[in-house]
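start.pdb, holding PDB, C-alpha atoms, pLDDT in the B column:
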ATOM      1  CA  MET G   1      -5.375  24.560 -65.691  1.00 57.00           C
ATOM      2  CA  SER G   2      -8.734  23.074 -66.275  1.00 60.00           C
ATOM      3  CA  LYS G   3     -11.539  23.294 -63.757  1.00 59.00           C
ATOM      4  CA  ALA G   4     -11.458  19.489 -63.221  1.00 57.00           C
ATOM      5  CA  LYS G   5      -7.748  19.556 -62.451  1.00 58.00           C
ATOM      6  CA  ILE G   6      -8.225  22.395 -59.954  1.00 58.00           C
ATOM      7  CA  GLN G   7     -11.028  20.501 -58.164  1.00 60.00           C
ATOM      8  CA  SER G   8      -8.948  17.324 -58.167  1.00 62.00           C
ATOM      9  CA  SER G   9      -6.010  19.257 -56.759  1.00 65.00           C
ATOM     10  CA  LYS G  10      -8.223  20.748 -54.001  1.00 65.00           C
ATOM     11  CA  LYS G  11      -9.552  17.284 -53.089  1.00 68.00           C
ATOM     12  CA  GLN G  12      -6.013  15.936 -52.898  1.00 72.00           C
ATOM     13  CA  SER G  13      -4.976  18.889 -50.707  1.00 73.00           C
ATOM     14  CA  ARG G  14      -7.911  18.226 -48.358  1.00 74.00           C
ATOM     15  CA  LYS G  15      -7.023  14.529 -48.162  1.00 76.00           C
ATOM     16  CA  ASN G  16      -3.420  15.429 -47.385  1.00 81.00           C
ATOM     17  CA  LEU G  17      -4.545  17.938 -44.753  1.00 82.00           C
ATOM     18  CA  TRP G  18      -6.823  15.377 -43.047  1.00 81.00           C
ATOM     19  CA  MET G  19      -4.046  12.780 -43.181  1.00 83.00           C
ATOM     20  CA  GLN G  20      -1.629  15.224 -41.554  1.00 86.00           C
ATOM     21  CA  ILE G  21      -4.175  16.175 -38.875  1.00 85.00           C
ATOM     22  CA  THR G  22      -4.878  12.496 -38.136  1.00 82.00           C
ATOM     23  CA  VAL G  23      -1.167  11.702 -37.816  1.00 80.00           C
ATOM     24  CA  VAL G  24      -0.610  14.698 -35.511  1.00 79.00           C
ATOM     25  CA  VAL G  25      -3.614  13.799 -33.296  1.00 81.00           C
ATOM     26  CA  VAL G  26      -2.485  10.159 -33.003  1.00 78.00           C
ATOM     27  CA  LEU G  27       1.060  11.285 -32.226  1.00 74.00           C
ATOM     28  CA  ILE G  28      -0.140  13.744 -29.555  1.00 80.00           C
ATOM     29  CA  ALA G  29      -2.381  11.073 -28.007  1.00 75.00           C
ATOM     30  CA  PHE G  30       0.519   8.618 -27.891  1.00 70.00           C
ATOM     31  CA  ILE G  31       2.850  11.172 -26.300  1.00 77.00           C
ATOM     32  CA  ALA G  32       0.187  12.203 -23.763  1.00 73.00           C
ATOM     33  CA  TYR G  33      -0.459   8.563 -22.837  1.00 72.00           C
ATOM     34  CA  PHE G  34       3.260   7.895 -22.411  1.00 64.00           C
ATOM     35  CA  ILE G  35       3.799  10.984 -20.245  1.00 71.00           C
ATOM     36  CA  LEU G  36       0.707  10.440 -18.094  1.00 66.00           C
ATOM     37  CA  SER G  37       1.393   6.758 -17.562  1.00 63.00           C
ATOM     38  CA  ASN G  38       4.888   7.560 -16.295  1.00 59.00           C
ATOM     39  CA  VAL G  39       3.823  10.559 -14.196  1.00 55.00           C
ATOM     40  CA  LEU G  40       0.723   9.041 -12.618  1.00 54.00           C
ATOM     41  CA  VAL G  41       2.248   5.670 -11.750  1.00 48.00           C
ATOM     42  CA  LYS G  42       3.474   5.752  -8.165  1.00 48.00           C
ATOM     43  CA  ASN G  43       7.179   5.155  -7.885  1.00 47.00           C
ATOM     44  CA  GLU G  44       6.945   3.565  -4.450  1.00 45.00           C
ATOM     45  CA  PRO G  45       9.568   1.108  -3.285  1.00 46.00           C
ATOM     46  CA  LYS G  46       8.331  -2.405  -3.838  1.00 51.00           C
ATOM     47  CA  ASN G  47       9.460  -5.650  -2.325  1.00 53.00           C
ATOM     48  CA  ASN G  48      10.173  -7.707  -5.441  1.00 53.00           C
ATOM     49  CA  ASP G  49      10.617 -10.783  -3.264  1.00 53.00           C
ATOM     50  CA  LEU G  50       6.938 -10.736  -2.206  1.00 51.00           C
ATOM     51  CA  GLU G  51       5.530 -12.724  -5.123  1.00 55.00           C
ATOM     52  CA  LYS G  52       8.366 -15.248  -4.904  1.00 53.00           C
ATOM     53  CA  ALA G  53       7.821 -15.586  -1.156  1.00 53.00           C
ATOM     54  CA  VAL G  54       4.113 -16.251  -1.577  1.00 51.00           C
ATOM     55  CA  GLU G  55       4.721 -18.745  -4.367  1.00 58.00           C
ATOM     56  CA  ASN G  56       7.547 -20.568  -2.565  1.00 53.00           C
ATOM     57  CA  ARG G  57       6.290 -19.981   0.989  1.00 53.00           C
ATOM     58  CA  THR G  58       9.624 -18.526   2.027  1.00 54.00           C
ATOM     59  CA  ALA G  59      10.760 -15.494   4.014  1.00 64.00           C
ATOM     60  CA  TYR G  60      11.382 -12.197   2.263  1.00 68.00           C
ATOM     61  CA  SER G  61      13.337  -9.124   3.283  1.00 86.00           C
ATOM     62  CA  PHE G  62      12.043  -5.939   4.896  1.00 90.00           C
ATOM     63  CA  VAL G  63      11.668  -2.944   2.571  1.00 93.00           C
ATOM     64  CA  LYS G  64      11.180   0.395   4.331  1.00 96.00           C
ATOM     65  CA  GLU G  65       8.238   2.195   2.711  1.00 97.00           C
ATOM     66  CA  GLY G  66       7.475   4.739   5.417  1.00 98.00           C
ATOM     67  CA  ASP G  67       7.618   5.808   9.049  1.00 98.00           C
ATOM     68  CA  LEU G  68       4.999   5.474  11.774  1.00 99.00           C
ATOM     69  CA  SER G  69       4.851   7.121  15.198  1.00 98.00           C
ATOM     70  CA  PHE G  70       2.739   6.145  18.178  1.00 99.00           C
ATOM     71  CA  THR G  71       1.542   9.140  20.199  1.00 98.00           C
ATOM     72  CA  THR G  72      -0.566   9.788  23.272  1.00 98.00           C
ATOM     73  CA  PRO G  73      -4.053  11.230  22.705  1.00 98.00           C
ATOM     74  CA  LYS G  74      -2.488  14.670  23.369  1.00 96.00           C
ATOM     75  CA  GLY G  75       0.142  14.109  20.656  1.00 96.00           C
ATOM     76  CA  ASP G  76       3.191  13.329  22.812  1.00 98.00           C
ATOM     77  CA  SER G  77       5.550  10.866  21.107  1.00 98.00           C
ATOM     78  CA  ILE G  78       5.676   7.303  22.452  1.00 98.00           C
ATOM     79  CA  SER G  79       7.783   5.512  19.817  1.00 98.00           C
ATOM     80  CA  GLN G  80       8.657   5.370  16.119  1.00 98.00           C
ATOM     81  CA  LEU G  81       8.800   2.527  13.599  1.00 98.00           C
ATOM     82  CA  GLU G  82      10.059   1.956  10.094  1.00 98.00           C
ATOM     83  CA  ILE G  83       7.166   0.375   8.215  1.00 98.00           C
ATOM     84  CA  GLU G  84       6.296  -1.648   5.188  1.00 97.00           C
ATOM     85  CA  ILE G  85       2.911  -0.730   3.753  1.00 97.00           C
ATOM     86  CA  ALA G  86       0.290  -3.263   2.689  1.00 96.00           C
ATOM     87  CA  ASP G  87      -2.291  -1.312   0.706  1.00 95.00           C
ATOM     88  CA  ASP G  88      -3.523  -3.768  -1.905  1.00 94.00           C
ATOM     89  CA  SER G  89      -5.287  -7.112  -1.524  1.00 92.00           C
ATOM     90  CA  GLN G  90      -2.222  -9.292  -2.217  1.00 92.00           C
ATOM     91  CA  GLN G  91      -0.053  -7.383   0.253  1.00 93.00           C
ATOM     92  CA  ARG G  92      -2.793  -7.413   2.912  1.00 94.00           C
ATOM     93  CA  GLU G  93      -3.390 -11.155   2.465  1.00 92.00           C
ATOM     94  CA  THR G  94       0.329 -11.936   2.715  1.00 91.00           C
ATOM     95  CA  GLY G  95       1.222  -9.486   5.486  1.00 92.00           C
ATOM     96  CA  LEU G  96       4.120 -10.812   7.527  1.00 93.00           C
ATOM     97  CA  MET G  97       3.564 -14.447   6.513  1.00 92.00           C
ATOM     98  CA  PHE G  98       6.793 -16.428   6.133  1.00 90.00           C
ATOM     99  CA  ARG G  99       8.838 -13.589   7.700  1.00 91.00           C
ATOM    100  CA  ASP G 100      11.338 -15.188  10.077  1.00 90.00           C
ATOM    101  CA  LYS G 101      12.684 -11.998  11.672  1.00 92.00           C
ATOM    102  CA  MET G 102      11.794  -8.360  12.169  1.00 95.00           C
ATOM    103  CA  ASP G 103      13.748  -5.724  14.063  1.00 96.00           C
ATOM    104  CA  GLU G 104      12.097  -4.136  17.099  1.00 96.00           C
ATOM    105  CA  ASN G 105      11.840  -0.776  15.329  1.00 97.00           C
ATOM    106  CA  GLN G 106      10.056  -2.298  12.317  1.00 98.00           C
ATOM    107  CA  GLY G 107       6.445  -3.126  11.574  1.00 98.00           C
ATOM    108  CA  MET G 108       3.808  -3.359   8.882  1.00 98.00           C
ATOM    109  CA  LEU G 109       0.945  -0.939   8.283  1.00 98.00           C
ATOM    110  CA  PHE G 110      -2.155  -2.362   6.595  1.00 98.00           C
ATOM    111  CA  ILE G 111      -4.391   0.199   4.904  1.00 98.00           C
ATOM    112  CA  PHE G 112      -7.980  -0.678   4.029  1.00 97.00           C
ATOM    113  CA  ASP G 113     -10.195   1.196   1.576  1.00 96.00           C
ATOM    114  CA  GLU G 114     -12.911   1.748   4.167  1.00 97.00           C
ATOM    115  CA  GLU G 115     -13.263   1.653   7.926  1.00 98.00           C
ATOM    116  CA  GLY G 116     -15.090  -1.423   9.171  1.00 98.00           C
ATOM    117  CA  PRO G 117     -14.745  -4.624  11.184  1.00 98.00           C
ATOM    118  CA  GLN G 118     -11.340  -6.208  10.554  1.00 97.00           C
ATOM    119  CA  ALA G 119     -10.040  -9.603  11.617  1.00 97.00           C
ATOM    120  CA  PHE G 120      -6.544 -11.028  11.297  1.00 97.00           C
ATOM    121  CA  TRP G 121      -5.105 -14.479  11.836  1.00 95.00           C
ATOM    122  CA  MET G 122      -1.601 -15.884  12.101  1.00 96.00           C
ATOM    123  CA  HIS G 123      -1.797 -18.441   9.277  1.00 92.00           C
ATOM    124  CA  ASN G 124       1.744 -19.098   7.949  1.00 92.00           C
ATOM    125  CA  THR G 125       3.088 -16.351  10.228  1.00 94.00           C
ATOM    126  CA  VAL G 126       6.313 -17.406  11.917  1.00 94.00           C
ATOM    127  CA  LEU G 127       6.719 -14.430  14.267  1.00 96.00           C
ATOM    128  CA  PRO G 128       4.537 -13.805  17.345  1.00 98.00           C
ATOM    129  CA  LEU G 129       2.930 -10.386  16.916  1.00 98.00           C
ATOM    130  CA  ASP G 130       0.968  -7.600  18.558  1.00 98.00           C
ATOM    131  CA  ILE G 131      -1.832  -6.619  16.164  1.00 99.00           C
ATOM    132  CA  ILE G 132      -2.971  -3.012  16.626  1.00 99.00           C
ATOM    133  CA  TYR G 133      -6.333  -1.936  15.170  1.00 99.00           C
ATOM    134  CA  VAL G 134      -6.710   1.781  14.357  1.00 99.00           C
ATOM    135  CA  ASN G 135      -9.812   3.721  13.267  1.00 99.00           C
ATOM    136  CA  SER G 136     -10.041   6.415  10.571  1.00 98.00           C
ATOM    137  CA  LYS G 137      -9.275   9.097  13.208  1.00 98.00           C
ATOM    138  CA  MET G 138      -5.902   7.347  13.749  1.00 98.00           C
ATOM    139  CA  GLU G 139      -6.959   6.205  17.246  1.00 99.00           C
ATOM    140  CA  ILE G 140      -6.031   2.750  18.505  1.00 99.00           C
ATOM    141  CA  VAL G 141      -9.314   0.925  19.142  1.00 99.00           C
ATOM    142  CA  HIS G 142      -8.000  -2.547  20.062  1.00 99.00           C
ATOM    143  CA  ILE G 143      -4.745  -4.458  20.484  1.00 99.00           C
ATOM    144  CA  ALA G 144      -4.540  -8.233  20.047  1.00 98.00           C
ATOM    145  CA  LYS G 145      -1.395  -8.894  22.076  1.00 98.00           C
ATOM    146  CA  ASN G 146       0.989 -11.817  21.667  1.00 98.00           C
ATOM    147  CA  ALA G 147      -0.751 -13.453  18.703  1.00 98.00           C
ATOM    148  CA  LYS G 148       0.638 -16.977  18.414  1.00 97.00           C
ATOM    149  CA  PRO G 149       2.524 -18.119  15.291  1.00 96.00           C
ATOM    150  CA  TYR G 150       0.576 -20.322  12.840  1.00 95.00           C
ATOM    151  CA  ASP G 151      -2.677 -19.899  14.811  1.00 95.00           C
ATOM    152  CA  ASP G 152      -5.742 -19.860  12.535  1.00 95.00           C
ATOM    153  CA  LYS G 153      -7.925 -18.314  15.244  1.00 96.00           C
ATOM    154  CA  SER G 154      -9.591 -15.067  14.139  1.00 97.00           C
ATOM    155  CA  LEU G 155      -8.426 -11.960  16.008  1.00 98.00           C
ATOM    156  CA  PRO G 156     -11.174  -9.343  15.448  1.00 98.00           C
ATOM    157  CA  SER G 157     -10.841  -5.579  15.757  1.00 98.00           C
ATOM    158  CA  ILE G 158     -13.820  -5.376  18.185  1.00 96.00           C
ATOM    159  CA  LYS G 159     -14.510  -1.844  16.846  1.00 98.00           C
ATOM    160  CA  PRO G 160     -14.348  -0.566  13.241  1.00 98.00           C
ATOM    161  CA  ALA G 161     -10.804  -0.051  11.938  1.00 98.00           C
ATOM    162  CA  LYS G 162      -9.270   1.376   8.771  1.00 98.00           C
ATOM    163  CA  TYR G 163      -5.635   0.635   9.635  1.00 99.00           C
ATOM    164  CA  VAL G 164      -3.842  -2.252  11.287  1.00 98.00           C
ATOM    165  CA  VAL G 165      -0.264  -2.168  12.553  1.00 99.00           C
ATOM    166  CA  GLU G 166       1.675  -5.376  13.194  1.00 98.00           C
ATOM    167  CA  VAL G 167       4.724  -5.279  15.460  1.00 98.00           C
ATOM    168  CA  ASN G 168       6.740  -7.894  17.325  1.00 98.00           C
ATOM    169  CA  ALA G 169       4.866  -9.506  20.226  1.00 98.00           C
ATOM    170  CA  GLY G 170       5.419  -7.694  23.525  1.00 98.00           C
ATOM    171  CA  TYR G 171       6.200  -4.358  21.860  1.00 98.00           C
ATOM    172  CA  CYS G 172       2.997  -2.669  23.067  1.00 98.00           C
ATOM    173  CA  ASP G 173       3.560  -3.691  26.704  1.00 98.00           C
ATOM    174  CA  LYS G 174       7.268  -2.816  26.574  1.00 98.00           C
ATOM    175  CA  ILE G 175       6.670   0.651  25.076  1.00 98.00           C
ATOM    176  CA  GLY G 176       3.354   1.322  26.844  1.00 98.00           C
ATOM    177  CA  ILE G 177       1.057   1.534  23.813  1.00 98.00           C
ATOM    178  CA  LYS G 178      -2.637   1.192  24.693  1.00 98.00           C
ATOM    179  CA  ASP G 179      -6.170   1.718  23.385  1.00 98.00           C
ATOM    180  CA  GLY G 180      -6.844   5.429  22.845  1.00 98.00           C
ATOM    181  CA  ASP G 181      -3.282   6.215  21.763  1.00 99.00           C
ATOM    182  CA  LYS G 182      -2.823   7.392  18.188  1.00 99.00           C
ATOM    183  CA  ILE G 183      -0.678   6.784  15.148  1.00 99.00           C
ATOM    184  CA  VAL G 184       0.842   9.218  12.681  1.00 98.00           C
ATOM    185  CA  TRP G 185       2.425   7.805   9.549  1.00 98.00           C
ATOM    186  CA  ARG G 186       3.949   8.896   6.262  1.00 98.00           C
ATOM    187  CA  ARG G 187       4.965   7.095   3.100  1.00 96.00           C
ATOM    188  CA  ASN G 188       8.525   7.549   1.825  1.00 92.00           C
TER     189      ASN G 188
END

Could you render the structure as structure tokens?
Amino acid sequence: MSKAKIQSSKKQSRKNLWMQITVVVVLIAFIAYFILSNVLVKNEPKNNDLEKAVENRTAYSFVKEGDLSFTTPKGDSISQLEIEIADDSQQRETGLMFRDKMDENQGMLFIFDEEGPQAFWMHNTVLPLDIIYVNSKMEIVHIAKNAKPYDDKSLPSIKPAKYVVEVNAGYCDKIGIKDGDKIVWRRN
């Protein structure tokens, strides 16, 4: 073989090697992306009716996403709820709007990114509610009892809150939940 042919053959081998390396790297990146996107995405139960309800202004069904317990400051159990969780802006804005019924042992937990002043209203909310404001230490700091359906009046937290729990109106008085009590919750 001539020297030119040997050099040409080496160049071709290098090109083939780089092509193979590029294909392998792209393939590994694609596989890693696919695996990570499926592993890191939360597989939480979602209420697929939510977007339709907002768009059509209609009721949607309860989807249990977790459990919440009310306790005394010492940790003694007061009551338990099945909860839906509103932890993004659309879910927090919609809340229990358009909901026409909710069992006594059900409620909604709103989770905010940071503790601070919160205020809720009853715009497009059919059910009368007790609105329970909870700080980052899981302590109840204020309860707006018997919030009236469709009322656009602001119901502020009075003190900074990171969580808000909505339950049927009268629940807090019936069960004996008051400021200073605590919540404990878990996501399914």

| Out of G:Val126, G:Ile132, G:Ala169, G:Val24, which residue has the shortest atom-to-atom distance to G:Asn146 when counting all atoms listed in the file? |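 Comparing G:Val126, G:Ile132, G:Ala169, G:Val24 against G:Asn146, the winner is G:Ala169.
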
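The residues returned by the PyMOL selection byres ((chain G and resi 106) around 7) for this structure are Leu81, Glu82, Ile83, Met102, Asp103, Glu104, Asn105, Gly107 and Val167 of chain G.
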
| message | Residues within 7 Å of (0.2, -1.1, 7.5), file coordinates, counting all atoms listed in the file: what are they? Give the list as a ChimeraX atom specification. | response | /G:84-86,108-111,163-165

| task | Carefully work through the PyMOL selection byres ((chain G and resi 118) around 12) for this structure and note down the residues it includes, as a ChimeraX atom specification. | result | /G:92,110-117,119-121,131-135,141-142,144,154-165

Keeping only C-alpha atoms, write the selected residues as a PDB file, keeping the file's coordinate frame.
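Now in out04.pdb:
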ATOM      1  CA  ARG G  92      -2.793  -7.413   2.912  1.00 94.00           C
ATOM      2  CA  PHE G 110      -2.155  -2.362   6.595  1.00 98.00           C
ATOM      3  CA  ILE G 111      -4.391   0.199   4.904  1.00 98.00           C
ATOM      4  CA  PHE G 112      -7.980  -0.678   4.029  1.00 97.00           C
ATOM      5  CA  ASP G 113     -10.195   1.196   1.576  1.00 96.00           C
ATOM      6  CA  GLU G 114     -12.911   1.748   4.167  1.00 97.00           C
ATOM      7  CA  GLU G 115     -13.263   1.653   7.926  1.00 98.00           C
ATOM      8  CA  GLY G 116     -15.090  -1.423   9.171  1.00 98.00           C
ATOM      9  CA  PRO G 117     -14.745  -4.624  11.184  1.00 98.00           C
ATOM     10  CA  ALA G 119     -10.040  -9.603  11.617  1.00 97.00           C
ATOM     11  CA  PHE G 120      -6.544 -11.028  11.297  1.00 97.00           C
ATOM     12  CA  TRP G 121      -5.105 -14.479  11.836  1.00 95.00           C
ATOM     13  CA  ILE G 131      -1.832  -6.619  16.164  1.00 99.00           C
ATOM     14  CA  ILE G 132      -2.971  -3.012  16.626  1.00 99.00           C
ATOM     15  CA  TYR G 133      -6.333  -1.936  15.170  1.00 99.00           C
ATOM     16  CA  VAL G 134      -6.710   1.781  14.357  1.00 99.00           C
ATOM     17  CA  ASN G 135      -9.812   3.721  13.267  1.00 99.00           C
ATOM     18  CA  VAL G 141      -9.314   0.925  19.142  1.00 99.00           C
ATOM     19  CA  HIS G 142      -8.000  -2.547  20.062  1.00 99.00           C
ATOM     20  CA  ALA G 144      -4.540  -8.233  20.047  1.00 98.00           C
ATOM     21  CA  SER G 154      -9.591 -15.067  14.139  1.00 97.00           C
ATOM     22  CA  LEU G 155      -8.426 -11.960  16.008  1.00 98.00           C
ATOM     23  CA  PRO G 156     -11.174  -9.343  15.448  1.00 98.00           C
ATOM     24  CA  SER G 157     -10.841  -5.579  15.757  1.00 98.00           C
ATOM     25  CA  ILE G 158     -13.820  -5.376  18.185  1.00 96.00           C
ATOM     26  CA  LYS G 159     -14.510  -1.844  16.846  1.00 98.00           C
ATOM     27  CA  PRO G 160     -14.348  -0.566  13.241  1.00 98.00           C
ATOM     28  CA  ALA G 161     -10.804  -0.051  11.938  1.00 98.00           C
ATOM     29  CA  LYS G 162      -9.270   1.376   8.771  1.00 98.00           C
ATOM     30  CA  TYR G 163      -5.635   0.635   9.635  1.00 99.00           C
ATOM     31  CA  VAL G 164      -3.842  -2.252  11.287  1.00 98.00           C
ATOM     32  CA  VAL G 165      -0.264  -2.168  12.553  1.00 99.00           C
TER      33      VAL G 165
END

| message | Since I can't run it myself right now, could you work out what the PyMOL selection byres ((chain G and resi 179-187) around 6) selects here and report it as a ChimeraX atom specification? | response | /G:65-73,138-142,178,188

| request: Have a look at atom CA of G:Phe30 and atom CA of G:Lys15 and let me know their distance in Å, one decimal. | output: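 That distance, rounded to one decimal, is 22.4 Å.
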
| request: Tell me, in Å to one decimal, how far atom CA of G:Met122 is from atom CA of G:Asp100. | output: 13.1 Å

For stretch 83-94 of chain G, take all atoms listed in the file, fit an axis-aligned box around them, add 5 Å to each of the six sides, then output centre and edge lengths in Å rounded to one decimal, as lines of an AutoDock Vina configuration file.
center_x = 0.9
center_y = -5.8
center_z = 3.0
size_x = 22.5
size_y = 22.3
size_z = 20.4

| Please, what distance in Å, to one decimal, runs between atom CA of G:Cys172 and atom CA of G:Lys148? |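 A separation of 15.2 Å between them.
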